[in-house]
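Below is one structure, written out as structure tokens; comments come after it.
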Amino acid sequence: MHRKLDYPKMLIHLFFIAVTLGMLIPFVLVIMISMTDEASIAKYGYRLWPDSFDFTAYRYVVQSPALLFRAYGVTILVTVVGTLLSLLTTAMIAYVLSRRDYAYNRQTTFLIFFTLLFSGGLVPYYMLMAQTLHLKDTVWAMILLPTLVHPLHVLILRTFLRTLPMEIIESAKMDGAREYRIFFNLIVPLSAPALVTLTLLVSIVYWNEWLNAVLFIENDRLFPLQLLLVRMMANSHFLQTSTVFISGISFDNAASFPVLSARMTIALLAGGPMMVIFPFFQKYFVKGLTLGSIKS
Amino acid sequence: MAKHRPGTGRWAGVGRFAKKRWTVFQKNKELFALSLPAVTYLIVFAYIPLFGLVLAFKNFRFDLGIFGSKWVGFDNFKFFFVSDQAFLTTRNTLMYGAGYLLGALAFALVFAIMLNEVARRAAKTYQTAMLLPFFLSWVLVSYVTDAFLNHHEGYLNGVLRLLAVEPVDWYLVPAVWPFILNAVYLWKTIGFHVLIFYSGIMGIESEYQEAARIDGASRWQMASRITFPLLMPLAAVLLIIGVGGLFRGNFGLHYFIPNDSPFLYSTTDVIDTYAYHALRKLGEIGMATAVGLYQSVGGLFFVLFANYAVRKFSADHSLW
């Protein structure tokens, strides 16, 4: 069988192959830097294909994994607790607002959505967290984000819940169920698809959060991944001066520490897993977009 | 207030009124309790900070506290507005915002229509590649840009050296940054925007496409006469929503990607980074609050305008 060549289609494919390369080459560069010998970097700079591969940087990081493990631990803790708290409060308020028969619906809706229009900004929030609540150098400083209850997430979920037939709730009430039971036993399972999407959105926010960490965390035992990356970027000798990192390795020669490739190695190990995991959730992402756009 | 009725005591009406309220509350108290965590959270973390805005009009001293510090009128606004800082940061915020918005929408629209021309599976592969950087934080992206732009080791300067061109210290040249920041923004977010438009195309009634195909429309005609116009409402809504957020700068992008280089402030500083510097570097609490207040008020107008525009255009997408 002979098919006519489809030139426009081929052009489109060529175009997207070029785009894909453009998206991927930056990652390739970072990966290559992490595997390049420090002397080679000093001589030729960063290159897409080093003349000899060298895993010294990885060896150092593996020898002293405490710094990275600890940062992973903090980030995971903050992400899990933050996402759970955020989802629970958001689901509860969204359920209440989805009930048109709730007597204080209008007032509560206003209270939630006004925060989208006007906010105090950085300084008042900073003062509240640091001066009033004394949350500096606690994990709570990274969990109690201004966006823990996000009006748009409430809106998405409320919209979804309003598509559920009211009769289910009515009949549960007839059976004598209290609102708490209706919420936990009925509403939460029914809204699982919407909650999965929200979990994805919220956990990305927590995983990538850096501002609160920069503002409130000084203790390097509480550094999340992002703050580790911030500090390492601001100070290229951060690793050599970090006691947590240094204590794990035996320096034969301090001068031979691969400053540049080790930085990229840590960046890669900190960000890589995210990039492998999240594309799998792409379809929930699409779902979230469509959820947000339906409005009864 | 309850009406005063003849023959009853003055307080009886109030009593009845209170009683009625109490019955309403009794009926709703379970739902009220469910709403409490979120409501309390917002009161503490969104409403109480509003009182802190008085700092914009005070000369804050730690020993005197927020309410003990002296009032200074509009002094905190003076430096920001009398110098060219207010103009510069506002201009940067709005222009970059407009650039990001228009760039992302235009590219994503074209990309999505083109993706629609290739097989589903190929389209999905390209999409995944484009979506990869979207999940990274700006901090992490700054490692990638540093790998390209670093003065000594950067890849770009390596290429320049190969071409026998003098290397450039990009972090010292303000003029190139509008291009760099727009390119980086596009790289990180294009996948997300393509995803929006692509699922928009998937949602278009295929009857139109069927009918056009039967009438013998070419693929180019179908894309330009059917898919493109049918995506316009979505594009318009995204545009208007984007306009609502124009007064908010992209803090992470503008803070990390230029490496916070002071030499670049003229073309990279946005209101958010300015307020952050005022707070963290200068410790100018009053001025930082004033800048934040300015941004909140400006942002309010943009949101109100955007919501007004959405309501005119497509009531389904307005916030209220």
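In the structure tokens, each chain is lettered A, B, ... as it comes, each chain's residues begin at 1, and ligands are numbered from 1 in order of appearance.
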
**Asked** Using only C-alpha atoms, which residues sit within 12 Å of Gly103 in chain B once same-chain residues fewer than 2 positions away are excluded, as number ranges by chain?
**Response** B: 95-101, 105-111, 179, 181-187, 189-190, 193-194, 239, 242

Please provide the set of residues having any atom within 12 Å of Glu209 in chain A, restricted to only C-alpha atoms, with same-chain residues fewer than 2 positions apart removed, written as a compact mmCIF listing (two decimals) with N, CA and C atoms, in the first residue's frame.
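Written file, out.txt:
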# COMPACT_ATOMS: atom_id res chain seq x y z
N VAL A 74 11.10 17.27 55.73
CA VAL A 74 10.35 18.48 56.05
C VAL A 74 9.33 18.77 54.95
N THR A 75 9.78 18.70 53.70
CA THR A 75 8.88 19.01 52.58
C THR A 75 7.71 18.04 52.56
N ILE A 76 7.99 16.74 52.76
CA ILE A 76 6.91 15.75 52.73
C ILE A 76 5.93 16.00 53.88
N VAL A 78 5.32 18.80 55.53
CA VAL A 78 4.55 20.03 55.29
C VAL A 78 3.52 19.79 54.20
N THR A 79 3.90 19.07 53.14
CA THR A 79 2.98 18.84 52.04
C THR A 79 1.79 17.98 52.48
N GLY A 82 -0.24 19.96 55.30
CA GLY A 82 -0.85 21.13 54.69
C GLY A 82 -1.97 20.76 53.75
N ALA A 141 4.80 27.45 60.31
CA ALA A 141 5.02 28.63 59.46
C ALA A 141 4.94 28.26 57.99
N MET A 142 5.21 26.99 57.67
CA MET A 142 5.16 26.57 56.26
C MET A 142 3.83 25.93 55.91
N ILE A 143 3.04 25.61 56.94
CA ILE A 143 1.75 24.96 56.69
C ILE A 143 0.62 25.97 56.61
N LEU A 144 0.66 26.97 57.50
CA LEU A 144 -0.43 27.95 57.56
C LEU A 144 -0.23 29.04 56.51
N LEU A 145 -0.28 28.63 55.25
CA LEU A 145 -0.13 29.59 54.16
C LEU A 145 -1.40 30.43 54.03
N PRO A 146 -1.25 31.65 53.46
CA PRO A 146 -2.46 32.45 53.24
C PRO A 146 -3.46 31.71 52.34
N THR A 147 -2.96 30.76 51.54
CA THR A 147 -3.84 30.08 50.59
C THR A 147 -4.36 28.74 51.11
N LEU A 148 -4.22 28.48 52.41
CA LEU A 148 -4.71 27.19 52.93
C LEU A 148 -6.21 27.04 52.63
N VAL A 202 -3.28 21.43 45.32
CA VAL A 202 -2.81 21.93 46.61
C VAL A 202 -1.44 21.36 46.95
N SER A 203 -1.22 20.07 46.64
CA SER A 203 0.06 19.48 47.03
C SER A 203 1.21 20.08 46.21
N ILE A 204 0.94 20.47 44.96
CA ILE A 204 1.99 21.13 44.18
C ILE A 204 2.37 22.45 44.84
N VAL A 205 1.34 23.18 45.30
CA VAL A 205 1.60 24.46 45.96
C VAL A 205 2.49 24.24 47.18
N TYR A 206 2.15 23.23 48.01
CA TYR A 206 2.94 23.00 49.22
C TYR A 206 4.35 22.51 48.88
N TRP A 207 4.43 21.64 47.89
CA TRP A 207 5.74 21.09 47.55
C TRP A 207 6.68 22.20 47.07
N LEU A 211 8.27 30.93 49.78
CA LEU A 211 8.25 32.26 50.38
C LEU A 211 8.17 32.20 51.90
N ASN A 212 7.21 31.41 52.41
CA ASN A 212 7.10 31.32 53.86
C ASN A 212 8.36 30.75 54.48
N ALA A 213 8.97 29.79 53.81
CA ALA A 213 10.20 29.21 54.31
C ALA A 213 11.29 30.28 54.37
N VAL A 214 11.40 31.08 53.32
CA VAL A 214 12.41 32.14 53.31
C VAL A 214 12.13 33.16 54.41
N LEU A 215 10.85 33.47 54.61
CA LEU A 215 10.51 34.49 55.59
C LEU A 215 10.69 34.02 57.03
N PHE A 223 14.90 23.20 57.24
CA PHE A 223 14.89 23.61 55.83
C PHE A 223 14.09 22.63 54.98
N PRO A 224 13.09 23.12 54.25
CA PRO A 224 12.47 22.27 53.23
C PRO A 224 13.34 22.30 51.97
N LEU A 225 13.02 21.45 51.00
CA LEU A 225 13.82 21.37 49.78
C LEU A 225 13.99 22.74 49.11
N GLN A 226 12.88 23.47 48.99
CA GLN A 226 12.95 24.73 48.25
C GLN A 226 13.89 25.73 48.94
N LEU A 227 13.86 25.77 50.27
CA LEU A 227 14.73 26.71 50.97
C LEU A 227 16.19 26.29 50.82
N LEU A 228 16.42 24.98 50.84
CA LEU A 228 17.77 24.46 50.59
C LEU A 228 18.27 24.98 49.24
N LEU A 229 17.39 24.91 48.24
CA LEU A 229 17.77 25.36 46.90
C LEU A 229 18.00 26.87 46.87
N VAL A 230 17.16 27.60 47.59
CA VAL A 230 17.32 29.07 47.64
C VAL A 230 18.68 29.42 48.24
N PHE B 135 5.66 21.85 36.61
CA PHE B 135 5.60 21.40 38.00
C PHE B 135 6.79 21.84 38.82
N LEU B 136 7.74 22.51 38.20
CA LEU B 136 8.93 22.95 38.93
C LEU B 136 8.66 24.27 39.63
N SER B 137 9.37 24.48 40.74
CA SER B 137 9.27 25.78 41.40
C SER B 137 10.20 26.75 40.67
N TRP B 138 9.94 28.04 40.87
CA TRP B 138 10.80 29.04 40.23
C TRP B 138 12.23 28.94 40.74
N VAL B 139 12.40 28.51 41.98
CA VAL B 139 13.75 28.35 42.51
C VAL B 139 14.52 27.36 41.66
N LEU B 140 13.85 26.24 41.38
CA LEU B 140 14.51 25.20 40.61
C LEU B 140 14.77 25.68 39.18
N GLY B 252 7.98 34.93 42.20
CA GLY B 252 9.01 33.90 42.08
C GLY B 252 9.86 34.08 40.83

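Contacts from chain A to chain B at a cut-off of 6 Å (only C-alpha atoms) map to Thr20, Gly45, Tyr46, Thr89, Met92, Ile93, Val96, Leu117, Phe118, Gly120, Gly121, Val123, Pro124, Tyr125, Glu179 and Asn208 of chain A.
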
Write a file of the just-selected residues containing N, CA, C and O atoms, as a PDB file, in the first residue's frame.
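The result, stored in part_8.pdb:
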ATOM      1  N   THR A  20       9.659  20.094  21.497  1.00  0.00           N
ATOM      2  CA  THR A  20       9.978  19.122  22.539  1.00  0.00           C
ATOM      3  C   THR A  20      11.457  19.196  22.913  1.00  0.00           C
ATOM      4  O   THR A  20      11.811  19.185  24.099  1.00  0.00           O
ATOM      5  N   GLY A  45      33.481  25.390  30.793  1.00  0.00           N
ATOM      6  CA  GLY A  45      32.137  25.824  31.158  1.00  0.00           C
ATOM      7  C   GLY A  45      31.159  24.663  31.055  1.00  0.00           C
ATOM      8  O   GLY A  45      31.553  23.521  30.850  1.00  0.00           O
ATOM      9  N   TYR A  46      29.861  24.974  31.206  1.00  0.00           N
ATOM     10  CA  TYR A  46      28.840  23.933  31.120  1.00  0.00           C
ATOM     11  C   TYR A  46      28.680  23.510  29.671  1.00  0.00           C
ATOM     12  O   TYR A  46      28.587  24.342  28.783  1.00  0.00           O
ATOM     13  N   THR A  89     -10.683  21.600  55.412  1.00  0.00           N
ATOM     14  CA  THR A  89     -11.394  22.863  55.640  1.00  0.00           C
ATOM     15  C   THR A  89     -12.117  23.314  54.373  1.00  0.00           C
ATOM     16  O   THR A  89     -13.251  23.787  54.436  1.00  0.00           O
ATOM     17  N   MET A  92     -15.231  21.179  53.795  1.00  0.00           N
ATOM     18  CA  MET A  92     -16.299  21.496  54.744  1.00  0.00           C
ATOM     19  C   MET A  92     -17.015  22.782  54.360  1.00  0.00           C
ATOM     20  O   MET A  92     -18.242  22.823  54.273  1.00  0.00           O
ATOM     21  N   ILE A  93     -16.239  23.826  54.094  1.00  0.00           N
ATOM     22  CA  ILE A  93     -16.882  25.113  53.767  1.00  0.00           C
ATOM     23  C   ILE A  93     -17.584  25.030  52.415  1.00  0.00           C
ATOM     24  O   ILE A  93     -18.668  25.597  52.231  1.00  0.00           O
ATOM     25  N   VAL A  96     -20.923  23.408  52.959  1.00  0.00           N
ATOM     26  CA  VAL A  96     -21.871  24.323  53.589  1.00  0.00           C
ATOM     27  C   VAL A  96     -22.406  25.320  52.563  1.00  0.00           C
ATOM     28  O   VAL A  96     -23.608  25.588  52.490  1.00  0.00           O
ATOM     29  N   LEU A 117     -10.499  39.766  46.790  1.00  0.00           N
ATOM     30  CA  LEU A 117     -10.495  41.141  46.283  1.00  0.00           C
ATOM     31  C   LEU A 117      -9.446  41.996  46.960  1.00  0.00           C
ATOM     32  O   LEU A 117      -8.832  42.847  46.349  1.00  0.00           O
ATOM     33  N   PHE A 118      -9.285  41.783  48.241  1.00  0.00           N
ATOM     34  CA  PHE A 118      -8.447  42.703  48.989  1.00  0.00           C
ATOM     35  C   PHE A 118      -7.677  41.943  50.048  1.00  0.00           C
ATOM     36  O   PHE A 118      -8.233  41.123  50.756  1.00  0.00           O
ATOM     37  N   GLY A 120      -4.155  42.201  52.955  1.00  0.00           N
ATOM     38  CA  GLY A 120      -3.265  43.110  53.663  1.00  0.00           C
ATOM     39  C   GLY A 120      -1.877  43.175  53.060  1.00  0.00           C
ATOM     40  O   GLY A 120      -1.115  44.085  53.335  1.00  0.00           O
ATOM     41  N   GLY A 121      -1.547  42.178  52.263  1.00  0.00           N
ATOM     42  CA  GLY A 121      -0.218  42.163  51.673  1.00  0.00           C
ATOM     43  C   GLY A 121       0.806  41.497  52.571  1.00  0.00           C
ATOM     44  O   GLY A 121       0.475  40.918  53.610  1.00  0.00           O
ATOM     45  N   VAL A 123       3.494  42.496  54.537  1.00  0.00           N
ATOM     46  CA  VAL A 123       3.945  42.899  55.870  1.00  0.00           C
ATOM     47  C   VAL A 123       2.971  42.527  56.989  1.00  0.00           C
ATOM     48  O   VAL A 123       3.387  41.903  57.973  1.00  0.00           O
ATOM     49  N   PRO A 124       1.683  42.862  56.861  1.00  0.00           N
ATOM     50  CA  PRO A 124       0.775  42.482  57.953  1.00  0.00           C
ATOM     51  C   PRO A 124       0.758  40.968  58.194  1.00  0.00           C
ATOM     52  O   PRO A 124       0.710  40.529  59.348  1.00  0.00           O
ATOM     53  N   TYR A 125       0.825  40.200  57.118  1.00  0.00           N
ATOM     54  CA  TYR A 125       0.866  38.743  57.276  1.00  0.00           C
ATOM     55  C   TYR A 125       2.141  38.325  57.997  1.00  0.00           C
ATOM     56  O   TYR A 125       2.129  37.485  58.900  1.00  0.00           O
ATOM     57  N   GLU A 179     -25.576  16.481  60.237  1.00  0.00           N
ATOM     58  CA  GLU A 179     -24.822  17.073  59.136  1.00  0.00           C
ATOM     59  C   GLU A 179     -23.388  16.542  59.058  1.00  0.00           C
ATOM     60  O   GLU A 179     -22.843  16.347  57.988  1.00  0.00           O
ATOM     61  N   ASN A 208       6.134  23.137  46.293  1.00  0.00           N
ATOM     62  CA  ASN A 208       6.969  24.183  45.711  1.00  0.00           C
ATOM     63  C   ASN A 208       7.040  25.451  46.551  1.00  0.00           C
ATOM     64  O   ASN A 208       7.634  26.432  46.128  1.00  0.00           O
TER      65      ASN A 208
END

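Neighbouring residues of Leu87 in chain A at 8 Å or closer, counting only C-alpha atoms and skipping chain neighbours under 2 positions away, are Thr83, Leu84, Leu85, Thr89, Thr90, Ala91, Leu195, Leu198 and Thr199 of chain A.
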
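Every residue of range 31-269 of chain B found in strand (DSSP E) when DSSP is run on the backbone appears here: Lys58, Asn59, Lys70 and Trp71 of chain B.
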
Keeping only N, CA and C atoms, write the selected residues to a file as a PDB file, in the first residue's frame.
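Result file follows (out24.pdb):
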ATOM      1  N   LYS B  58       2.225  54.688  59.748  1.00  0.00           N
ATOM      2  CA  LYS B  58       2.924  54.841  61.018  1.00  0.00           C
ATOM      3  C   LYS B  58       4.414  54.680  60.853  1.00  0.00           C
ATOM      4  N   ASN B  59       5.121  55.223  61.784  1.00  0.00           N
ATOM      5  CA  ASN B  59       6.556  54.987  61.835  1.00  0.00           C
ATOM      6  C   ASN B  59       6.785  53.842  62.813  1.00  0.00           C
ATOM      7  N   LYS B  70       4.056  55.894  66.279  1.00  0.00           N
ATOM      8  CA  LYS B  70       3.500  57.215  65.944  1.00  0.00           C
ATOM      9  C   LYS B  70       2.910  57.263  64.545  1.00  0.00           C
ATOM     10  N   TRP B  71       1.800  58.013  64.402  1.00  0.00           N
ATOM     11  CA  TRP B  71       1.223  58.242  63.087  1.00  0.00           C
ATOM     12  C   TRP B  71       2.115  59.194  62.296  1.00  0.00           C
TER      13      TRP B  71
END

**Neighbour list for Tyr265 in chain B as an MDAnalysis selection string, cut-off 12 Å, only C-alpha atoms, skip fewer than 3 positions in-chain** = chainID B and resid 85 88:89 92 171:175 177:178 254:255 258:262 268:271 273:274 277

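For the set A:Phe113, A:Ala270, A:Phe257, A:Asn185, the residue with the smallest atom-to-atom gap to Thr241 in chain A is A:Phe257, counting only C-alpha atoms.
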
**Asked** Which is closest to Asp101 in chain A among A:Trp140, A:Leu29, A:Phe183, A:Ile169, if we use only C-alpha atoms?
**Response** A:Ile169

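Residues in contact range of Val196 in chain A, defined as at most 10 Å between only C-alpha atoms, with sequence neighbours fewer than 4 positions away removed, read Leu87, Ser191, Ala192, Leu200, Leu201, Val202, Phe281, Tyr284, Phe285, Lys287 and Gly288 of chain A.
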
**Fill in**
Computed gap from CA of Met32 in chain A to CA of Val61 in chain A is 16.2 Å

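For the set B:Ala12, B:Ile214, B:Arg21, B:Asn76, the residue with the smallest atom-to-atom gap to Tyr104 in chain A is B:Arg21, counting only C-alpha atoms.
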
**Message:** From the options A:Arg263, A:Arg99, A:His134, A:Arg47, which residue's atoms come nearest to Val28 in chain A, counting only C-alpha atoms?
**Reply:** A:Arg47

**Which of range 97-270 of chain A fall in helix (DSSP H, G or I), as a PyMOL selection string** = chain A and resi 97-98+105-117+122-132+140-143+151-162+166-174+179-190+192-208+211-216+220-222+225-234+238-241+243-246+254-256+259-270

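You will find CA of Ala211 in chain B at 25.9 Å from CA of Leu5 in chain A.
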